[in-house]
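Peer 1: Have a peek at coords.cif (mmCIF, C-alpha atoms).
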data_my_file
loop_
_atom_site.label_atom_id
_atom_site.label_comp_id
_atom_site.auth_asym_id
_atom_site.auth_seq_id
_atom_site.Cartn_x
_atom_site.Cartn_y
_atom_site.Cartn_z
CA THR A 1 -76.57 -26.93 -71.06
CA GLY A 2 -73.53 -28.82 -69.84
CA SER A 3 -72.29 -32.27 -70.69
CA THR A 4 -74.29 -33.74 -67.80
CA SER A 5 -77.43 -33.25 -69.89
CA LEU A 6 -76.25 -35.50 -72.73
CA THR A 7 -78.28 -38.60 -73.53
CA ASP A 8 -77.56 -41.58 -75.76
CA PRO A 9 -79.23 -40.98 -79.16
CA GLY A 10 -79.81 -44.71 -79.59
CA SER A 11 -78.12 -47.43 -81.63
CA GLY A 12 -79.43 -46.20 -84.98
CA ASN A 13 -78.17 -42.66 -84.46
CA ARG A 14 -74.68 -43.12 -83.01
CA ILE A 15 -71.69 -41.99 -85.09
CA SER A 16 -69.07 -44.70 -85.65
CA TYR A 17 -65.88 -42.62 -85.26
CA LEU A 18 -66.17 -39.16 -83.78
CA ILE A 19 -62.72 -38.03 -84.96
CA ARG A 20 -60.63 -40.18 -87.30
CA SER A 21 -57.34 -39.52 -89.07
CA PHE A 22 -55.42 -41.52 -91.68
CA GLY A 23 -52.07 -39.76 -91.90
CA GLY A 24 -53.12 -36.23 -90.98
CA ASP A 25 -50.43 -34.36 -89.01
CA ASN A 26 -50.06 -31.42 -86.63
CA THR A 27 -53.64 -31.23 -85.35
CA THR A 28 -55.14 -30.09 -82.04
CA VAL A 29 -58.40 -31.44 -80.56
CA ARG A 30 -59.29 -29.25 -77.60
CA LYS A 31 -62.29 -28.51 -75.32
CA ASN A 32 -64.80 -30.82 -76.95
CA VAL A 33 -67.41 -33.21 -75.62
CA LEU A 34 -67.14 -36.50 -77.54
CA ALA A 35 -69.85 -38.94 -76.54
CA PHE A 36 -71.72 -42.07 -77.62
CA GLY A 37 -69.51 -43.01 -80.56
CA SER A 38 -70.06 -46.56 -81.75
CA PHE A 39 -66.37 -47.35 -82.22
CA THR A 40 -63.81 -44.72 -81.19
CA GLY A 41 -63.74 -41.22 -79.81
CA VAL A 42 -60.45 -40.21 -81.47
CA GLN A 43 -58.60 -42.62 -83.75
CA LEU A 44 -55.18 -41.80 -85.21
CA SER A 45 -53.54 -44.20 -87.68
CA SER A 46 -51.20 -44.41 -90.68
CA ALA A 47 -48.59 -41.98 -89.32
CA SER A 48 -50.93 -39.31 -87.97
CA ASN A 49 -48.10 -37.52 -86.20
CA ASN A 50 -47.81 -34.58 -83.82
CA TRP A 51 -51.37 -34.43 -82.48
CA THR A 52 -52.52 -32.74 -79.27
CA ILE A 53 -55.71 -34.05 -77.62
CA GLN A 54 -56.37 -31.75 -74.68
CA ASN A 55 -59.08 -30.78 -72.20
CA ASN A 56 -61.85 -32.88 -73.75
CA GLN A 57 -64.57 -35.00 -72.21
CA ILE A 58 -64.83 -38.43 -73.87
CA LEU A 59 -67.89 -40.27 -72.61
CA ASP A 60 -69.61 -43.64 -73.16
CA ILE A 61 -67.82 -44.80 -76.29
CA GLY A 62 -68.88 -48.24 -77.58
CA LEU A 63 -72.28 -48.74 -76.01
CA GLY A 64 -73.18 -51.13 -78.84
CA ASN A 65 -69.75 -52.46 -79.84
CA ASP A 66 -67.29 -54.69 -78.00
CA ASN A 67 -64.04 -53.08 -79.19
CA SER A 68 -64.35 -49.33 -78.80
CA ASP A 69 -61.66 -47.03 -77.39
CA GLY A 70 -61.75 -43.48 -76.12
CA ILE A 71 -58.47 -42.57 -77.85
CA ALA A 72 -56.65 -45.03 -80.13
CA ILE A 73 -53.15 -44.26 -81.43
CA GLY A 74 -51.94 -46.67 -84.13
CA ASP A 75 -48.60 -46.40 -85.95
CA SER A 76 -48.47 -42.68 -85.16
CA ASN A 77 -45.85 -40.63 -83.32
CA ASN A 78 -45.58 -37.75 -80.85
CA THR A 79 -49.14 -37.59 -79.53
CA LEU A 80 -49.87 -35.46 -76.45
CA ILE A 81 -52.97 -36.54 -74.50
CA SER A 82 -53.48 -34.07 -71.66
CA GLY A 83 -56.19 -32.86 -69.31
CA ASN A 84 -58.98 -35.07 -70.63
CA ARG A 85 -61.73 -36.86 -68.72
CA ILE A 86 -62.42 -40.30 -70.20
CA THR A 87 -65.12 -42.59 -68.85
CA GLY A 88 -67.49 -45.33 -69.98
CA THR A 89 -65.55 -46.89 -72.87
CA SER A 90 -66.21 -50.51 -73.78
CA THR A 91 -62.47 -51.21 -74.09
CA GLN A 92 -59.47 -48.95 -73.46
CA ALA A 93 -59.72 -45.32 -72.51
CA ILE A 94 -56.35 -44.81 -74.25
CA ILE A 95 -54.36 -47.29 -76.33
CA ALA A 96 -51.09 -46.85 -78.23
CA SER A 97 -50.32 -49.69 -80.61
CA GLY A 98 -48.29 -50.78 -83.61
CA THR A 99 -45.07 -48.81 -83.97
CA SER A 100 -46.34 -45.67 -82.23
CA SER A 101 -43.71 -43.73 -80.30
CA GLY A 102 -43.57 -40.64 -78.16
CA THR A 103 -47.12 -40.94 -76.76
CA THR A 104 -47.41 -38.64 -73.73
CA ILE A 105 -50.38 -39.20 -71.42
CA GLU A 106 -50.53 -36.62 -68.63
CA ASN A 107 -53.00 -35.01 -66.22
CA ASN A 108 -56.01 -37.02 -67.40
CA THR A 109 -58.81 -38.50 -65.32
CA VAL A 110 -59.55 -42.05 -66.46
CA SER A 111 -62.31 -44.00 -64.73
CA ASN A 112 -64.99 -46.63 -65.36
CA ASN A 113 -63.49 -47.86 -68.64
CA GLY A 114 -63.11 -51.32 -70.18
CA ILE A 115 -66.65 -52.14 -69.10
CA GLY A 116 -67.88 -53.71 -72.34
CA ALA A 117 -70.81 -52.94 -74.61
CA ILE A 118 -74.42 -53.08 -73.47
CA GLY A 119 -75.32 -56.70 -72.73
CA ASN A 120 -71.87 -58.11 -73.57
CA THR A 121 -68.89 -59.34 -71.56
CA PRO A 122 -65.81 -57.11 -72.01
CA VAL A 123 -63.30 -58.44 -74.56
CA GLN A 124 -60.54 -55.97 -73.58
CA ASN A 125 -60.59 -54.27 -70.24
CA ASP A 126 -57.46 -52.25 -69.40
CA ALA A 127 -57.79 -48.49 -69.02
CA ILE A 128 -54.49 -47.42 -70.61
CA ALA A 129 -52.50 -49.82 -72.79
CA PHE A 130 -49.22 -49.79 -74.68
CA ARG A 131 -49.18 -52.61 -77.24
CA GLY A 132 -47.24 -53.88 -80.24
CA THR A 133 -43.74 -52.41 -80.42
CA THR A 134 -44.69 -49.01 -79.05
CA GLY A 135 -41.86 -47.17 -77.35
CA GLY A 136 -40.74 -44.00 -75.70
CA GLY A 137 -44.09 -43.10 -74.11
CA SER A 138 -45.00 -41.70 -70.71
CA ILE A 139 -47.94 -41.93 -68.31
CA TYR A 140 -47.56 -39.04 -65.89
CA ARG A 141 -49.69 -37.40 -63.19
CA ASN A 142 -52.98 -39.06 -64.18
CA VAL A 143 -55.84 -40.22 -61.98
CA ILE A 144 -56.61 -43.78 -63.05
CA THR A 145 -59.27 -45.32 -60.88
CA GLY A 146 -62.26 -47.66 -60.88
CA ASN A 147 -61.68 -49.27 -64.27
CA TYR A 148 -62.81 -52.82 -65.04
CA GLY A 149 -59.31 -54.11 -65.84
CA ALA A 150 -55.80 -52.91 -65.07
CA GLY A 151 -55.23 -49.20 -64.72
CA VAL A 152 -52.16 -49.49 -66.98
CA THR A 153 -51.05 -52.42 -69.13
CA VAL A 154 -47.72 -52.60 -70.94
CA ASN A 155 -47.75 -55.60 -73.27
CA ASN A 156 -44.73 -57.69 -74.11
CA GLY A 157 -42.87 -55.90 -76.93
CA ALA A 158 -43.64 -52.35 -75.83
CA THR A 159 -40.53 -50.61 -74.46
CA GLY A 160 -39.36 -47.45 -72.75
CA VAL A 161 -42.69 -46.49 -71.13
CA LEU A 162 -42.37 -44.17 -68.12
CA ILE A 163 -45.12 -44.55 -65.49
CA SER A 164 -44.65 -41.86 -62.85
CA GLN A 165 -46.57 -39.80 -60.25
CA ASN A 166 -50.02 -41.17 -61.07
CA GLU A 167 -52.88 -41.97 -58.71
CA ILE A 168 -53.80 -45.57 -59.58
CA TRP A 169 -56.29 -47.31 -57.31
CA GLY A 170 -59.53 -49.28 -57.24
CA ASN A 171 -59.01 -50.86 -60.65
CA GLY A 172 -60.34 -54.38 -61.10
CA THR A 173 -62.94 -53.80 -58.37
CA ILE A 174 -66.01 -52.78 -60.39
CA THR A 175 -68.53 -54.84 -62.34
CA SER A 176 -68.87 -54.51 -66.11
CA ARG A 177 -71.71 -52.82 -67.97
CA ASN A 178 -73.54 -56.17 -68.24
CA GLY A 179 -72.91 -57.05 -64.60
CA SER A 180 -69.92 -59.38 -65.01
CA ALA A 181 -67.97 -59.81 -61.78
CA ALA A 182 -64.93 -57.70 -60.95
CA THR A 183 -61.67 -58.93 -62.48
CA GLY A 184 -59.44 -58.51 -59.42
CA ILE A 185 -56.63 -57.39 -61.70
CA VAL A 186 -53.70 -55.24 -60.52
CA GLY A 187 -53.21 -51.52 -60.99
CA ILE A 188 -50.22 -51.89 -63.34
CA ASP A 189 -49.90 -55.06 -65.43
CA LEU A 190 -46.45 -55.53 -67.00
CA GLN A 191 -46.93 -58.51 -69.28
CA ASN A 192 -44.70 -61.25 -70.59
CA ALA A 193 -44.99 -63.07 -73.91
CA THR A 194 -47.44 -65.70 -72.65
CA ASP A 195 -49.92 -63.31 -71.03
CA ASN A 196 -53.28 -62.53 -72.60
CA ASN A 197 -52.69 -59.04 -73.96
CA GLN A 198 -56.38 -58.15 -73.97
CA ILE A 199 -57.58 -59.11 -70.49
CA GLY A 200 -54.40 -60.12 -68.66
CA THR A 201 -53.52 -63.48 -67.16
CA ALA A 202 -54.02 -64.27 -63.47
CA PRO A 203 -52.35 -63.73 -61.06
CA PHE A 204 -51.29 -60.68 -63.14
CA PHE A 205 -47.79 -60.43 -61.68
CA THR A 206 -44.64 -60.83 -63.81
CA LEU A 207 -41.45 -61.85 -62.02
CA ASN A 208 -38.21 -60.05 -62.73
CA ASP A 209 -35.87 -61.82 -65.14
CA THR A 210 -33.31 -63.96 -63.34
CA GLY A 211 -30.12 -61.93 -63.46
CA ASP A 212 -31.66 -59.58 -66.05
CA ALA A 213 -29.45 -61.12 -68.72
CA ASP A 214 -31.36 -59.36 -71.50
CA THR A 215 -30.39 -55.92 -70.23
#
Kindly present the structure from the file in structure tokens form.
Peer 2:
Amino acid sequence: TGSTSLTDPGSGNRISYLIRSFGGDNTTVRKNVLAFGSFTGVQLSSASNNWTIQNNQILDIGLGNDNSDGIAIGDSNNTLISGNRITGTSTQAIIASGTSSGTTIENNTVSNNGIGAIGNTPVQNDAIAFRGTTGGGSIYRNVITGNYGAGVTVNNGATGVLISQNEIWGNGTITSRNGSAATGIVGIDLQNATDNNQIGTAPFFTLNDTGDADT
């Protein structure tokens, strides 16, 4: 049977982390169906460098938990995330945080994420996020549509992120898993230091620096 036949095993039978690494390097995760994890589909931390996460389906992560990501990259470098379908996460589909660098996100389909856990209001709602002091990443040729929050968020402090040739539309227009109203947030949210880095700050637009003195 295909992945369309999957059903939630229930709160007492969900696995917390489907794939989790603390410092493991040079690993490929390819052609898997990762579904119904309580916390995270794939979590890399503590310098888990040079990973490839490719051609997977990551479905309905965080049904019972407010802060659950499809793919979470923390303090880890040179991660390739390519050709995956990610949908139904309670928070981010993909997040790079801490000092992570060289995160490449390409040719993925990312939809219906950031929708919160069952019965709860979303606490983080962007589909793809670069946080902390992440740098040198790229978001390229993805389809990012129909997520509860922004399609892409780059928090204050993250630098050098290329966003190019993506299809980004319809984000901020859906209701959450518990029926909370649409956020009305923008497709790409480039944040300043005073913005809420988890759900954005209305009206979600950041003006250019006057004279760009810091460049």
Peer 1: For the structure shown, which residues end up in the PyMOL selection byres ((chain A and resi 127) around 7)? Put them as an mmCIF file with C-alpha atoms, in the coordinates of the input, please?
Peer 2:
data_model
loop_
_atom_site.group_PDB
_atom_site.id
_atom_site.type_symbol
_atom_site.label_atom_id
_atom_site.label_comp_id
_atom_site.auth_asym_id
_atom_site.auth_seq_id
_atom_site.Cartn_x
_atom_site.Cartn_y
_atom_site.Cartn_z
ATOM 1 C CA GLN A 92 -59.470 -48.950 -73.460
ATOM 2 C CA ALA A 93 -59.720 -45.320 -72.510
ATOM 3 C CA ILE A 94 -56.350 -44.810 -74.250
ATOM 4 C CA ASN A 113 -63.490 -47.860 -68.640
ATOM 5 C CA GLY A 114 -63.110 -51.320 -70.180
ATOM 6 C CA ASN A 125 -60.590 -54.270 -70.240
ATOM 7 C CA ASP A 126 -57.460 -52.250 -69.400
ATOM 8 C CA ILE A 128 -54.490 -47.420 -70.610
ATOM 9 C CA ALA A 129 -52.500 -49.820 -72.790
ATOM 10 C CA ASN A 147 -61.680 -49.270 -64.270
ATOM 11 C CA GLY A 149 -59.310 -54.110 -65.840
ATOM 12 C CA ALA A 150 -55.800 -52.910 -65.070
ATOM 13 C CA GLY A 151 -55.230 -49.200 -64.720
ATOM 14 C CA VAL A 152 -52.160 -49.490 -66.980
#
Peer 1: On this file, the PyMOL selection byres ((chain A and resi 46) around 6) gives some set of residues; write that set as a PDB file with C-alpha atoms, in the coordinates of the input.
Peer 2:
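Saved as selection.pdb:
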ATOM      1  CA  PHE A  22     -55.420 -41.520 -91.680  1.00  0.00           C
ATOM      2  CA  GLY A  23     -52.070 -39.760 -91.900  1.00  0.00           C
ATOM      3  CA  SER A  45     -53.540 -44.200 -87.680  1.00  0.00           C
ATOM      4  CA  ALA A  47     -48.590 -41.980 -89.320  1.00  0.00           C
ATOM      5  CA  SER A  48     -50.930 -39.310 -87.970  1.00  0.00           C
ATOM      6  CA  ASP A  75     -48.600 -46.400 -85.950  1.00  0.00           C
TER       7      ASP A  75
END
Peer 1: Can you work out the spacing between CA of Ile58 in chain A and CA of Gly83 in chain A in Å, to one decimal?
Peer 2: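 The value is 11.2 Å.
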Peer 1: Which residue out of A:Gly10, A:Gly172, A:Gly102, A:Gly116 has the minimum interatomic distance to Gly88 in chain A when only C-alpha atoms are used?
Peer 2: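 The answer is A:Gly116, which sits nearest to Gly88 in chain A.
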Peer 1: Pick from A:Asn197, A:Thr145, A:Val123, A:Asn65: nearest to Ile86 in chain A, with all atoms listed in the file counted?
Peer 2: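 Closest candidate: A:Thr145.
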Peer 1: List as number ranges by chain the protein and nucleic acid residues near Glu167 in chain A, meaning an atom at most 9 Å away when all atoms listed in the file are counted, but skip any in the same chain fewer than 6 places from it.
Peer 2: A: 141-145
Peer 1: Can you write just those residues out, C-alpha atoms, as an mmCIF file, in the frame of the given file?
Peer 2:
data_model
loop_
_atom_site.group_PDB
_atom_site.id
_atom_site.type_symbol
_atom_site.label_atom_id
_atom_site.label_comp_id
_atom_site.auth_asym_id
_atom_site.auth_seq_id
_atom_site.Cartn_x
_atom_site.Cartn_y
_atom_site.Cartn_z
ATOM 1 C CA ARG A 141 -49.690 -37.400 -63.190
ATOM 2 C CA ASN A 142 -52.980 -39.060 -64.180
ATOM 3 C CA VAL A 143 -55.840 -40.220 -61.980
ATOM 4 C CA ILE A 144 -56.610 -43.780 -63.050
ATOM 5 C CA THR A 145 -59.270 -45.320 -60.880
#
Peer 1: Determine the residue membership of the PyMOL selection byres ((chain A and resi 13) around 12) for the file above and supply it as a ChimeraX atom specification.
Peer 2: /A:7-12,14-16,36-38,63-64
Peer 1: So, counting all atoms listed in the file, which residue among A:Ile19, A:Leu44, A:Ile53, A:Val33 is closest to Thr87 in chain A?
Peer 2: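 That would be A:Val33, the residue with the smallest distance to Thr87 in chain A.
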Peer 1: Identify which of the residues A:Thr153, A:Asn107, A:Asn120, A:Asn84 lies closest to Gln165 in chain A, counting all atoms listed in the file when measuring atom-to-atom distances.
Peer 2: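 Between A:Thr153, A:Asn107, A:Asn120, A:Asn84, the residue approaching Gln165 in chain A most closely is A:Asn107.
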Peer 1: To one decimal place in Å, what is the distance between CA of Ala96 in chain A and CA of Ser76 in chain A?
Peer 2: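 According to the coordinates, CA of Ala96 in chain A and CA of Ser76 in chain A are separated by 8.5 Å.
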Peer 1: Please compute the CA of Arg177 in chain A-CA of Leu190 in chain A distance, one decimal, in Å.
Peer 2: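 Between CA of Arg177 in chain A and CA of Leu190 in chain A the gap is 25.4 Å.
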Peer 1: From the list A:Gly119, A:Gly146, A:Gly24, A:Gly187, which residue is nearest Asn50 in chain A when using all atoms listed in the file?
Peer 2: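 When distances to Asn50 in chain A are compared using all atoms listed in the file, the smallest one comes from A:Gly24.
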Peer 1: As a list in words, please: the residues near Gly157 in chain A (cut-off 9 Å, all atoms listed in the file, same-chain neighbours under 4 positions excluded).
Peer 2: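 Counting all atoms listed in the file, the residues come to Arg131, Gly132, Thr133, Thr134, Gly135, Asn192 and Ala193 of chain A.
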Peer 1: What would the list of residues within 10 Å of (-42.0, -43.5, -77.1) (file frame) look like as a PyMOL selection string, if only C-alpha atoms are what count?
Peer 2: chain A and resi 77-79+96+99-104+130+133-138+158-162
Peer 1: Here is a test: counting all atoms listed in the file, which residue of A:Asn26, A:Asn112, A:Ser21, A:Thr121 is nearest to Ile73 in chain A?
Peer 2: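 Counting all atoms listed in the file, the residue closest to Ile73 in chain A is A:Ser21.
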